[in-house]
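Participant: Take a look at query-v7.txt, compact mmCIF, C-alpha atoms:
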```
# COMPACT_ATOMS: atom_id res chain seq x y z
CA MET A 15 -59.01 10.47 45.01
CA ALA A 16 -56.34 7.97 45.28
CA ARG A 17 -53.15 9.07 43.75
CA VAL A 18 -51.39 6.54 41.62
CA LYS A 19 -47.95 6.26 42.95
CA ILE A 20 -45.26 5.69 40.44
CA SER A 21 -42.65 3.60 42.03
CA ARG A 22 -39.29 5.22 41.64
CA LYS A 23 -36.85 2.93 40.02
CA SER A 24 -33.17 3.18 40.39
CA THR A 25 -31.44 4.56 37.31
CA ALA A 26 -28.35 2.50 37.93
CA ILE A 27 -27.93 -0.39 35.50
CA ASP A 28 -25.93 -3.48 36.10
CA MET A 29 -22.79 -2.98 34.06
CA THR A 30 -21.23 -6.35 34.72
CA ALA A 31 -22.44 -8.05 31.56
CA MET A 32 -21.56 -5.08 29.41
CA CYS A 33 -18.13 -4.96 30.92
CA ASP A 34 -17.68 -8.65 30.17
CA VAL A 35 -18.61 -8.18 26.54
CA ALA A 36 -16.43 -5.13 26.17
CA PHE A 37 -13.37 -6.87 27.51
CA LEU A 38 -14.01 -9.95 25.43
CA LEU A 39 -14.03 -7.83 22.29
CA LEU A 40 -11.04 -5.90 23.49
CA THR A 41 -9.06 -9.11 24.00
CA PHE A 42 -10.06 -10.28 20.54
CA PHE A 43 -8.92 -7.10 18.86
CA ILE A 44 -5.65 -6.95 20.74
CA LEU A 45 -4.83 -10.51 19.80
CA THR A 46 -5.75 -10.13 16.15
CA ALA A 47 -3.92 -6.84 15.76
CA THR A 48 -0.48 -7.43 14.39
CA ALA A 49 2.25 -5.31 15.78
CA ARG A 50 3.78 -3.12 13.15
CA GLN A 51 7.27 -4.16 12.33
CA PRO A 52 9.81 -1.41 11.94
CA GLU A 53 10.83 -1.05 8.34
CA PRO A 54 14.47 -1.19 7.36
CA LEU A 55 13.85 1.22 4.49
CA PRO A 56 11.35 3.89 5.42
CA VAL A 57 9.63 5.33 2.40
CA ASP A 58 7.19 8.14 1.95
CA THR A 59 4.53 6.78 -0.38
CA PRO A 60 2.80 9.15 -2.78
CA SER A 61 -0.85 9.85 -2.16
CA SER A 62 -3.77 8.98 -4.37
CA THR A 63 -7.53 8.96 -4.19
CA VAL A 64 -7.78 5.19 -4.63
CA LYS A 65 -9.53 3.47 -1.77
CA ILE A 66 -8.88 -0.18 -2.56
CA LYS A 67 -7.27 -2.05 0.28
CA LEU A 68 -4.33 -4.25 -0.36
CA PRO A 69 -4.79 -7.96 0.33
CA SER A 70 -2.52 -9.25 3.07
CA THR A 71 -1.87 -12.75 1.76
CA ASP A 72 -0.13 -14.09 -1.34
CA ILE A 73 1.57 -10.82 -1.97
CA ALA A 74 5.13 -9.68 -2.33
CA THR A 75 6.17 -6.13 -1.65
CA LEU A 76 9.01 -4.40 -3.40
CA THR A 77 10.10 -1.35 -1.50
CA ILE A 78 11.94 1.19 -3.60
CA GLY A 79 13.73 4.11 -2.07
CA GLU A 80 17.08 5.89 -2.25
CA GLY A 81 17.86 3.84 -5.35
CA LYS A 82 17.72 0.62 -3.34
CA VAL A 83 15.25 -2.23 -3.60
CA PHE A 84 14.00 -4.29 -0.69
CA PHE A 85 11.96 -7.43 -0.98
CA GLY A 86 9.38 -9.02 1.25
CA VAL A 87 6.77 -11.71 0.80
CA ALA A 88 3.71 -12.36 2.97
CA GLY A 89 3.37 -15.50 5.04
CA GLN A 90 6.00 -17.22 7.21
CA GLN A 91 5.72 -20.58 5.47
CA VAL A 92 6.08 -18.96 2.08
CA ARG A 93 9.14 -17.10 3.30
CA GLU A 94 10.77 -20.29 4.54
CA ARG A 95 10.10 -22.06 1.29
CA THR A 96 11.40 -19.09 -0.70
CA LEU A 97 14.62 -19.18 1.30
CA GLU A 98 14.98 -22.91 0.71
CA ARG A 99 14.55 -22.44 -3.01
CA MET A 100 16.99 -19.53 -3.07
CA GLY A 101 19.46 -21.65 -1.12
CA GLU A 102 19.24 -24.37 -3.74
CA ARG A 103 19.65 -21.83 -6.48
CA TYR A 104 22.72 -20.16 -4.99
CA LYS A 105 24.16 -23.28 -3.32
CA ILE A 106 23.87 -21.96 0.21
CA GLN A 107 22.79 -24.26 3.01
CA PHE A 108 20.48 -22.85 5.66
CA THR A 109 19.90 -24.51 9.00
CA PRO A 110 16.31 -24.89 10.31
CA GLU A 111 17.08 -22.23 12.90
CA GLU A 112 18.18 -19.82 10.20
CA LYS A 113 15.05 -20.55 8.21
CA ARG A 114 12.91 -19.89 11.24
CA ARG A 115 14.66 -16.61 11.90
CA PHE A 116 14.37 -15.62 8.27
CA SER A 117 10.64 -16.34 8.25
CA LEU A 118 10.20 -13.59 10.83
CA ILE A 119 11.89 -10.93 8.73
CA GLU A 120 9.27 -9.00 6.82
CA THR A 121 11.42 -7.06 4.43
CA PHE A 122 15.09 -7.20 3.74
CA GLY A 123 17.53 -5.90 1.20
CA VAL A 124 20.91 -7.57 1.09
CA PRO A 125 22.74 -9.57 -1.55
CA MET A 126 22.64 -13.35 -1.14
CA ALA A 127 26.23 -13.38 0.12
CA ASN A 128 25.32 -11.27 3.15
CA LEU A 129 22.03 -12.96 3.87
CA LYS A 130 23.37 -15.34 6.53
CA GLN A 131 24.96 -12.46 8.34
CA LEU A 132 21.68 -10.57 8.26
CA ILE A 133 19.74 -13.53 9.61
CA HIS A 134 22.03 -13.72 12.64
CA MET A 135 21.62 -10.06 13.49
CA SER A 136 19.15 -8.93 16.09
CA ASN A 137 16.09 -6.98 15.03
CA ASP A 138 17.52 -3.66 16.17
CA GLU A 139 20.79 -4.15 14.37
CA ARG A 140 19.03 -5.16 11.20
CA ASN A 141 16.98 -2.00 10.98
CA LYS A 142 19.88 0.38 11.39
CA THR A 143 20.43 2.53 8.36
CA ASN A 144 23.11 1.51 5.89
CA ILE A 145 23.26 -2.07 7.16
CA GLN A 146 21.12 -3.26 4.29
CA THR A 147 22.33 -2.18 0.91
CA GLY A 148 19.49 -3.35 -1.29
CA ILE A 149 19.10 -6.38 -3.52
CA PRO A 150 21.32 -6.39 -6.61
CA THR A 151 19.29 -5.78 -9.76
CA ASP A 152 21.95 -5.43 -12.42
CA SER A 153 21.80 -7.72 -15.39
CA VAL A 154 24.92 -9.72 -14.46
CA ASP A 155 23.60 -10.83 -11.11
CA ASN A 156 19.90 -10.20 -11.04
CA GLN A 157 19.01 -11.49 -7.61
CA LEU A 158 15.77 -9.55 -7.40
CA ASN A 159 14.52 -11.45 -10.40
CA GLU A 160 15.37 -14.73 -8.65
CA TRP A 161 13.72 -13.70 -5.40
CA VAL A 162 10.51 -12.77 -7.16
CA LEU A 163 10.55 -15.94 -9.21
CA GLN A 164 11.21 -18.24 -6.25
CA ALA A 165 8.63 -16.44 -4.13
CA ARG A 166 6.09 -17.00 -6.87
CA TYR A 167 6.91 -20.70 -6.94
CA ALA A 168 6.76 -20.91 -3.15
CA THR A 169 3.39 -19.15 -2.99
CA LYS A 170 2.02 -21.47 -5.62
CA GLU A 171 3.34 -24.54 -3.77
CA ILE A 172 2.06 -23.60 -0.35
CA ASN A 173 -1.10 -21.63 -0.97
CA ASN A 174 -1.83 -22.75 -4.52
CA LYS A 175 -2.46 -19.18 -5.55
CA GLU A 176 -0.84 -16.71 -7.87
CA MET A 177 1.34 -14.24 -6.06
CA ARG A 178 0.54 -10.60 -6.55
CA ILE A 179 3.21 -7.97 -6.58
CA SER A 180 2.96 -4.63 -4.95
CA ILE A 181 5.38 -1.78 -5.35
CA LYS A 182 5.97 0.60 -2.52
CA GLY A 183 7.97 3.42 -3.91
CA ASP A 184 9.21 6.60 -2.38
CA ALA A 185 7.43 9.66 -3.76
CA ASN A 186 10.69 11.34 -4.72
CA GLU A 187 12.27 8.30 -6.28
CA GLU A 188 13.34 8.94 -9.84
CA TYR A 189 11.33 7.19 -12.50
CA PRO A 190 14.23 5.24 -14.10
CA VAL A 191 14.75 3.28 -10.87
CA VAL A 192 11.10 2.30 -10.82
CA LYS A 193 11.17 1.54 -14.52
CA LYS A 194 14.09 -0.81 -14.06
CA ILE A 195 12.15 -2.81 -11.48
CA ILE A 196 9.04 -2.88 -13.65
CA ASP A 197 11.15 -4.08 -16.58
CA ILE A 198 12.56 -6.93 -14.48
CA LEU A 199 9.06 -7.98 -13.54
CA GLN A 200 7.80 -7.71 -17.09
CA LYS A 201 10.52 -10.10 -18.18
CA GLN A 202 8.76 -12.66 -16.00
CA ASN A 203 5.49 -11.77 -17.70
CA ILE A 204 4.10 -9.99 -14.69
CA ASN A 205 2.12 -7.14 -16.11
CA LYS A 206 -0.11 -6.33 -13.18
CA PHE A 207 1.11 -4.52 -10.13
CA SER A 208 -0.39 -2.78 -7.19
CA LEU A 209 1.15 0.53 -6.33
CA ILE A 210 0.93 1.22 -2.64
CA THR A 211 -0.22 4.73 -1.93
CA SER A 212 -1.40 6.69 1.04
CA LEU A 213 -4.79 8.27 1.16
CA GLU A 214 -5.52 11.68 -0.27
CA GLY A 215 -8.76 13.60 -0.11
CA ASP A 216 -10.77 14.19 -3.27
CA ASN A 217 -9.99 17.61 -4.55
CA MET B 21 -25.51 -1.03 42.88
CA ALA B 22 -23.14 1.67 41.93
CA GLU B 23 -23.30 3.54 45.10
CA LEU B 24 -21.23 3.74 48.16
CA ASP B 25 -22.58 2.23 51.27
CA THR B 26 -22.96 5.24 53.46
CA SER B 27 -25.29 3.76 56.02
CA GLY B 28 -23.97 3.54 59.48
CA GLY B 29 -22.96 0.31 60.98
CA GLY B 30 -26.06 0.14 63.13
CA LYS B 31 -26.31 0.83 66.77
CA LYS B 32 -24.01 -0.85 69.07
CA GLN B 33 -26.03 -3.41 70.81
CA GLY B 34 -24.95 -4.99 73.96
CA GLY B 35 -21.42 -3.83 73.42
CA LYS B 36 -20.89 -6.45 70.77
CA VAL B 37 -18.80 -5.13 67.93
CA ARG B 38 -20.22 -6.21 64.65
CA SER B 39 -18.27 -5.83 61.49
CA LYS B 40 -19.89 -3.50 59.02
CA LYS B 41 -21.49 -5.32 56.10
CA GLN B 42 -20.28 -3.63 52.97
CA SER B 43 -21.71 -3.93 49.55
CA THR B 44 -19.52 -5.91 47.22
CA ARG B 45 -20.79 -4.08 44.17
CA VAL B 46 -18.39 -1.89 42.30
CA ASP B 47 -19.31 0.79 39.85
CA LEU B 48 -18.30 -0.61 36.47
CA THR B 49 -19.32 2.33 34.32
CA ALA B 50 -15.86 3.82 34.13
CA MET B 51 -14.35 0.44 33.35
CA VAL B 52 -16.79 -0.14 30.49
CA ASP B 53 -16.00 3.32 29.16
CA LEU B 54 -12.33 2.51 29.13
CA ALA B 55 -12.85 -0.89 27.54
CA PHE B 56 -14.90 0.55 24.71
CA LEU B 57 -12.40 3.29 24.14
CA LEU B 58 -9.67 0.70 23.72
CA ILE B 59 -11.89 -1.44 21.47
CA THR B 60 -12.49 1.51 19.21
CA PHE B 61 -8.79 2.24 19.09
CA PHE B 62 -7.80 -1.30 18.18
CA MET B 63 -10.56 -1.70 15.63
CA LEU B 64 -9.61 1.46 13.82
CA THR B 65 -5.88 0.85 13.87
CA THR B 66 -6.22 -2.69 12.51
CA THR B 67 -8.44 -1.73 9.61
CA LEU B 68 -6.88 1.64 8.80
CA ALA B 69 -3.34 0.35 8.84
CA LYS B 70 -3.93 -1.64 5.67
CA PRO B 71 -2.31 0.27 2.84
CA GLN B 72 -4.24 1.44 -0.18
CA ALA B 73 -3.23 -0.02 -3.47
CA MET B 74 -3.61 1.29 -6.96
CA ASP B 75 -3.73 -1.39 -9.61
CA LEU B 76 -1.58 -0.89 -12.63
CA ALA B 77 -1.53 -3.06 -15.70
CA MET B 78 1.40 -2.55 -18.03
CA PRO B 79 1.15 -3.32 -21.72
CA ASP B 80 2.43 -6.81 -22.43
CA LYS B 81 5.97 -6.88 -23.67
CA ASP B 82 6.73 -9.54 -26.16
CA ASP B 83 10.43 -9.89 -26.78
CA LYS B 84 9.90 -12.32 -29.62
CA GLN B 85 7.85 -9.89 -31.63
CA PRO B 86 9.22 -6.44 -30.91
CA ASP B 87 7.50 -5.02 -33.97
CA ALA B 88 4.02 -6.13 -32.97
CA LYS B 89 2.41 -2.81 -32.35
CA LEU B 90 -1.13 -1.84 -31.86
CA ASP B 91 -2.22 1.04 -34.00
CA VAL B 92 -4.47 3.53 -32.35
CA ALA B 93 -6.44 6.32 -33.91
CA ASP B 94 -4.25 9.42 -33.67
CA ASN B 95 -7.16 11.83 -33.39
CA ARG B 96 -8.20 10.11 -30.17
CA THR B 97 -4.73 9.85 -28.69
CA MET B 98 -3.47 12.23 -26.10
CA THR B 99 0.17 11.94 -25.14
CA ILE B 100 1.30 13.14 -21.76
CA LEU B 101 5.02 13.63 -21.27
CA LEU B 102 6.17 13.79 -17.69
CA GLY B 103 9.12 16.11 -17.24
CA LYS B 104 11.17 17.55 -14.42
CA ASP B 105 10.09 19.91 -11.62
CA ASN B 106 6.58 18.41 -11.46
CA LYS B 107 5.72 19.64 -14.92
CA LEU B 108 4.20 17.83 -17.83
CA GLU B 109 3.43 18.48 -21.44
CA TRP B 110 0.56 17.13 -23.45
CA TYR B 111 -0.56 17.09 -27.05
CA ILE B 112 -3.12 15.29 -29.15
CA GLY B 113 -2.30 13.38 -32.30
CA LEU B 114 1.15 12.62 -33.63
CA VAL B 115 4.30 14.29 -32.42
CA ASP B 116 5.29 15.69 -35.84
CA LYS B 117 1.85 17.00 -36.67
CA PRO B 118 -0.11 17.39 -33.43
CA LEU B 119 -3.79 18.18 -33.70
CA SER B 120 -3.50 20.25 -30.60
CA PRO B 121 -0.22 22.09 -29.95
CA PRO B 122 1.96 20.81 -27.11
CA THR B 123 1.06 22.53 -23.86
CA VAL B 124 3.14 22.63 -20.70
CA ASP B 125 0.93 22.03 -17.71
CA ASN B 126 1.00 21.02 -14.07
CA TYR B 127 -0.62 18.27 -12.04
CA SER B 128 -3.27 20.43 -10.43
CA ARG B 129 -7.02 20.41 -10.74
CA THR B 130 -7.05 23.30 -13.16
CA GLY B 131 -4.09 21.94 -15.09
CA ILE B 132 -4.05 18.51 -16.61
CA ARG B 133 -7.36 17.44 -15.13
CA LYS B 134 -9.23 20.18 -16.94
CA ALA B 135 -7.50 19.31 -20.19
CA LEU B 136 -8.31 15.63 -19.75
CA ILE B 137 -11.97 16.20 -19.01
CA GLU B 138 -12.45 18.67 -21.85
CA ASN B 139 -10.70 16.57 -24.43
CA ASN B 140 -12.45 13.43 -23.33
CA LYS B 141 -15.80 15.16 -23.76
CA LYS B 142 -14.81 16.41 -27.18
CA ILE B 143 -13.70 13.00 -28.36
CA LEU B 144 -16.80 11.33 -26.97
CA ALA B 145 -18.98 13.81 -28.84
CA GLN B 146 -16.98 13.19 -31.99
CA THR B 147 -17.20 9.41 -31.93
CA GLY B 148 -20.66 9.22 -30.38
CA ASP B 149 -19.68 5.95 -28.75
CA PRO B 150 -19.30 5.91 -24.97
CA LYS B 151 -16.68 3.20 -25.28
CA LYS B 152 -14.51 5.20 -27.65
CA GLY B 153 -13.19 7.93 -25.45
CA LEU B 154 -9.78 9.47 -25.16
CA ILE B 155 -6.75 7.19 -25.34
CA VAL B 156 -3.99 8.45 -23.12
CA LEU B 157 -0.35 7.53 -23.54
CA ILE B 158 1.65 8.31 -20.44
CA LYS B 159 5.33 8.78 -21.12
CA PRO B 160 7.38 9.37 -18.00
CA SER B 161 10.80 10.73 -18.84
CA ASP B 162 13.95 9.99 -16.86
CA LYS B 163 13.62 13.29 -15.06
CA SER B 164 10.20 12.59 -13.63
CA THR B 165 9.62 11.02 -10.24
CA TYR B 166 7.56 8.09 -9.09
CA LYS B 167 5.10 10.50 -7.51
CA ASN B 168 4.44 12.06 -10.90
CA MET B 169 3.56 8.69 -12.32
CA VAL B 170 1.20 7.86 -9.46
CA ASP B 171 -0.36 11.31 -9.73
CA ILE B 172 -1.07 10.98 -13.40
CA LEU B 173 -2.49 7.48 -12.95
CA ASP B 174 -4.67 8.90 -10.24
CA GLU B 175 -5.91 11.57 -12.65
CA MET B 176 -6.92 8.80 -15.04
CA LYS B 177 -9.06 7.29 -12.30
CA ILE B 178 -10.55 10.65 -11.36
CA THR B 179 -11.38 11.70 -14.91
CA ASN B 180 -12.65 8.20 -15.66
CA ILE B 181 -10.52 7.55 -18.69
CA GLN B 182 -10.77 3.92 -19.66
CA THR B 183 -7.86 3.48 -22.02
CA TYR B 184 -4.40 4.49 -20.95
CA ALA B 185 -0.95 2.99 -21.00
CA ILE B 186 2.54 3.75 -19.81
CA VAL B 187 5.00 3.72 -22.66
CA ASP B 188 8.54 4.86 -23.36
CA VAL B 189 9.40 8.33 -24.60
CA PHE B 190 10.49 8.84 -28.20
CA ASP B 191 13.57 10.91 -29.04
CA GLN B 192 11.41 13.39 -30.88
CA GLU B 193 9.41 13.95 -27.76
CA LEU B 194 12.56 14.40 -25.71
CA GLU B 195 13.53 17.20 -28.09
CA LEU B 196 10.12 18.75 -27.59
CA MET B 197 10.50 18.61 -23.83
CA LYS B 198 13.98 20.07 -24.00
CA ARG B 199 12.68 22.89 -26.15
CA ASP B 200 10.05 23.72 -23.60
CA GLY B 201 12.50 23.47 -20.73
CA ILE B 202 10.97 20.60 -18.82
CA TYR B 203 13.70 18.04 -19.45
```
Could you spell out this file's structure in structure tokens?
Facilitator:
Amino acid sequence: MARVKISRKSTAIDMTAMCDVAFLLLTFFILTATARQPEPLPVDTPSSTVKIKLPSTDIATLTIGEGKVFFGVAGQQVRERTLERMGERYKIQFTPEEKRRFSLIETFGVPMANLKQLIHMSNDERNKTNIQTGIPTDSVDNQLNEWVLQARYATKEINNKEMRISIKGDANEEYPVVKKIIDILQKQNINKFSLITSLEGDN
Amino acid sequence: MAELDTSGGGKKQGGKVRSKKQSTRVDLTAMVDLAFLLITFFMLTTTLAKPQAMDLAMPDKDDKQPDAKLDVADNRTMTILLGKDNKLEWYIGLVDKPLSPPTVDNYSRTGIRKALIENNKKILAQTGDPKKGLIVLIKPSDKSTYKNMVDILDEMKITNIQTYAIVDVFDQELELMKRDGIY
């Protein structure tokens, strides 16, 4: 009886195409990933079980920690426009170079008077502790209120969308500090906030 | 592919030296492994790095009409006072004649969460309307921290309480908290 011979096939597969695909995807992910900027005011956010992700556009972030408030708004164009508007408001002229540099700063916390100085600092200098003292929030010179207001105008002008406000508070921050910020925002009729939290397991 | 060329270079014929023909194929398996590992890493870090956000709507403040107040049924209202040292106190009804005596509690699962779930059930049974559950008034005092506020808002989400608001503490309630040593 004739035996049927099964031809032995090589188990090796051509990996070239797979390698191509893998590297293509890898390149895509590396390019889309945004490098995390060091934060000038590191805060330890409280944890919660909420699993809603924060949108990354049309949003301003107020960082609260150590009794200081830092401000940041998403989008480089929006940031430039916000600075222009703030310049008009406080009669400070900014050069195009300064605007460009400012648009790369994600969060900052200095009074308007020191803003120029901050813009000219290098990234490393800027993120040193105690360089940035927080944005004044007292009722005489409420610059935080102005920043939020101008950022809202700028977001509306450029993206034609309402700006959302997120609050990133330190877990051990005392409530009155947070309340003060919320009160400032409520004066502008902002009643909806997003509180940034870290993830906690259901228990 | 994927193997080393181990065959000899053939016999020397006529003394002519022939260069060995080597396979140009390289084993790509390890490279693919590495590429996918990196892909996984970048995918996860880009999506996981997005922070979680808890939405909070504050009651509208109208400076022109400071007396415009919304009356709520006191038998459905639970007031939670946030005090110092991660402690809280809750009662149902009005502060001068509470329907349930003020209780000092903590933020744990057996603490405030149990009280919230039980009272919510009770109220729901009383009203018989799934939309008319417990109304919770959260009153963070000056001694409480931001974490306390987030924790209690989180409890609202967990216990599925639909109506809650953050409001200011009354003096009477401050006295109560002082009496119980959490302010």
Participant: Interatomic distance between CA of Ser208 (chain A) and CA of Lys134 (chain B)?
Facilitator: 26.5 Å
Participant: Can you list, as JSON, numbers by chain, every protein, DNA or RNA residue that comes within 10 Å of region 112-123 of chain B when you count only C-alpha atoms, leaving out same-chain residues fewer than 4 positions away?
Facilitator: {"B": [93, 94, 95, 96, 97, 98, 99, 100, 101, 108, 132, 135, 139, 154, 155, 156, 157, 190, 192, 193, 196, 197, 200]}
Participant: Could those residues be written to a file, using C-alpha atoms, as a short mmCIF file (atom, residue, chain, number, x, y, z; two decimals), in the frame of the given file?
Facilitator:
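File written: result25.cif
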```cif
data_model
loop_
_atom_site.label_atom_id
_atom_site.label_comp_id
_atom_site.auth_asym_id
_atom_site.auth_seq_id
_atom_site.Cartn_x
_atom_site.Cartn_y
_atom_site.Cartn_z
CA ALA B 93 -6.44 6.32 -33.91
CA ASP B 94 -4.25 9.42 -33.67
CA ASN B 95 -7.16 11.83 -33.39
CA ARG B 96 -8.20 10.11 -30.17
CA THR B 97 -4.73 9.85 -28.69
CA MET B 98 -3.47 12.23 -26.10
CA THR B 99 0.17 11.94 -25.14
CA ILE B 100 1.30 13.14 -21.76
CA LEU B 101 5.02 13.63 -21.27
CA LEU B 108 4.20 17.83 -17.83
CA ILE B 132 -4.05 18.51 -16.61
CA ALA B 135 -7.50 19.31 -20.19
CA ASN B 139 -10.70 16.57 -24.43
CA LEU B 154 -9.78 9.47 -25.16
CA ILE B 155 -6.75 7.19 -25.34
CA VAL B 156 -3.99 8.45 -23.12
CA LEU B 157 -0.35 7.53 -23.54
CA PHE B 190 10.49 8.84 -28.20
CA GLN B 192 11.41 13.39 -30.88
CA GLU B 193 9.41 13.95 -27.76
CA LEU B 196 10.12 18.75 -27.59
CA MET B 197 10.50 18.61 -23.83
CA ASP B 200 10.05 23.72 -23.60
#
```
Participant: Only residues of chain A matter here; which ones have an atom within 8 Å of chain B, counting only C-alpha atoms? Give them as a PyMOL selection string.
Facilitator: chain A and resi 26-30+32-33+36-37+39-40+43-44+47-48+60-68+180+183-190+192+200-201+203+205-213+217
Participant: Between CA of Gly86 (chain A) and CA of Glu120 (chain A), what distance in Å does the model show, to one decimal?
Facilitator: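 Between CA of Gly86 (chain A) and CA of Glu120 (chain A) the gap works out to 5.6 Å.
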Participant: Suppose you want the space between CA of Val92 (chain A) and CA of Glu160 (chain A); what is it in Å?
Facilitator: 14.8 Å
Participant: First collect every listed atom of region 39-43 of chain B; then fit an axis-aligned box around them, widen it by 4 Å on each side, and give centre and edge lengths in Å to one decimal, as AutoDock Vina command-line options.
Facilitator:
```
--center_x -20.0 --center_y -4.7 --center_z 55.5 --size_x 11.4 --size_y 10.3 --size_z 19.9
```
Participant: Given the point (19.9, -8.0, -0.8) in the coordinates of this file, which residues lie within 7 Å, counting all atoms listed in the file, and how would they look as a PyMOL selection string?
Facilitator: chain A and resi 84+122-126+147-150
Participant: For region 71-73 of chain A, find every residue with an atom within 10 Å (counting all atoms listed in the file), except residues of its own chain fewer than 6 positions away, and show them as a ChimeraX atom specification.
Facilitator: /A:86-89,92,165-166,168-170,172-180,208
Participant: I need the residue nearest Glu109 (chain B) from this list: B:Lys40, B:Lys151, B:Lys142, B:Lys198. Use all atoms listed in the file for the distance.
Facilitator: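 Under the stated criterion, the closest residue is B:Lys198.
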Participant: When you get a chance, write out N, CA and C atoms for region 80-93 of chain A, as a PDB file, keeping the file's coordinate frame.
Facilitator:
```pdb
ATOM      1  N   GLU A  80      15.654   5.519  -2.234  1.00  0.00           N
ATOM      2  CA  GLU A  80      17.080   5.890  -2.250  1.00  0.00           C
ATOM      3  C   GLU A  80      17.859   5.043  -3.265  1.00  0.00           C
ATOM      4  N   GLY A  81      17.188   4.639  -4.322  1.00  0.00           N
ATOM      5  CA  GLY A  81      17.860   3.840  -5.350  1.00  0.00           C
ATOM      6  C   GLY A  81      18.058   2.389  -4.971  1.00  0.00           C
ATOM      7  N   LYS A  82      17.551   1.998  -3.793  1.00  0.00           N
ATOM      8  CA  LYS A  82      17.720   0.620  -3.340  1.00  0.00           C
ATOM      9  C   LYS A  82      16.383  -0.116  -3.438  1.00  0.00           C
ATOM     10  N   VAL A  83      16.468  -1.424  -3.544  1.00  0.00           N
ATOM     11  CA  VAL A  83      15.250  -2.230  -3.600  1.00  0.00           C
ATOM     12  C   VAL A  83      15.266  -3.229  -2.457  1.00  0.00           C
ATOM     13  N   PHE A  84      14.160  -3.306  -1.754  1.00  0.00           N
ATOM     14  CA  PHE A  84      14.000  -4.290  -0.690  1.00  0.00           C
ATOM     15  C   PHE A  84      12.872  -5.211  -1.089  1.00  0.00           C
ATOM     16  N   PHE A  85      12.943  -6.438  -0.590  1.00  0.00           N
ATOM     17  CA  PHE A  85      11.960  -7.430  -0.980  1.00  0.00           C
ATOM     18  C   PHE A  85      11.325  -8.050   0.252  1.00  0.00           C
ATOM     19  N   GLY A  86      10.062  -8.346   0.147  1.00  0.00           N
ATOM     20  CA  GLY A  86       9.380  -9.020   1.250  1.00  0.00           C
ATOM     21  C   GLY A  86       8.195  -9.773   0.697  1.00  0.00           C
ATOM     22  N   VAL A  87       7.923 -10.940   1.266  1.00  0.00           N
ATOM     23  CA  VAL A  87       6.770 -11.710   0.800  1.00  0.00           C
ATOM     24  C   VAL A  87       5.938 -12.077   2.026  1.00  0.00           C
ATOM     25  N   ALA A  88       4.615 -12.126   1.837  1.00  0.00           N
ATOM     26  CA  ALA A  88       3.710 -12.360   2.970  1.00  0.00           C
ATOM     27  C   ALA A  88       3.676 -13.842   3.320  1.00  0.00           C
ATOM     28  N   GLY A  89       3.532 -14.115   4.589  1.00  0.00           N
ATOM     29  CA  GLY A  89       3.370 -15.500   5.040  1.00  0.00           C
ATOM     30  C   GLY A  89       4.681 -16.137   5.465  1.00  0.00           C
ATOM     31  N   GLN A  90       4.737 -16.663   6.694  1.00  0.00           N
ATOM     32  CA  GLN A  90       6.000 -17.220   7.210  1.00  0.00           C
ATOM     33  C   GLN A  90       6.393 -18.497   6.470  1.00  0.00           C
ATOM     34  N   GLN A  91       5.408 -19.334   6.167  1.00  0.00           N
ATOM     35  CA  GLN A  91       5.720 -20.580   5.470  1.00  0.00           C
ATOM     36  C   GLN A  91       6.283 -20.289   4.084  1.00  0.00           C
ATOM     37  N   VAL A  92       5.633 -19.325   3.426  1.00  0.00           N
ATOM     38  CA  VAL A  92       6.080 -18.960   2.080  1.00  0.00           C
ATOM     39  C   VAL A  92       7.512 -18.446   2.140  1.00  0.00           C
ATOM     40  N   ARG A  93       7.796 -17.655   3.169  1.00  0.00           N
ATOM     41  CA  ARG A  93       9.140 -17.100   3.300  1.00  0.00           C
ATOM     42  C   ARG A  93      10.174 -18.208   3.485  1.00  0.00           C
TER      43      ARG A  93
END
```
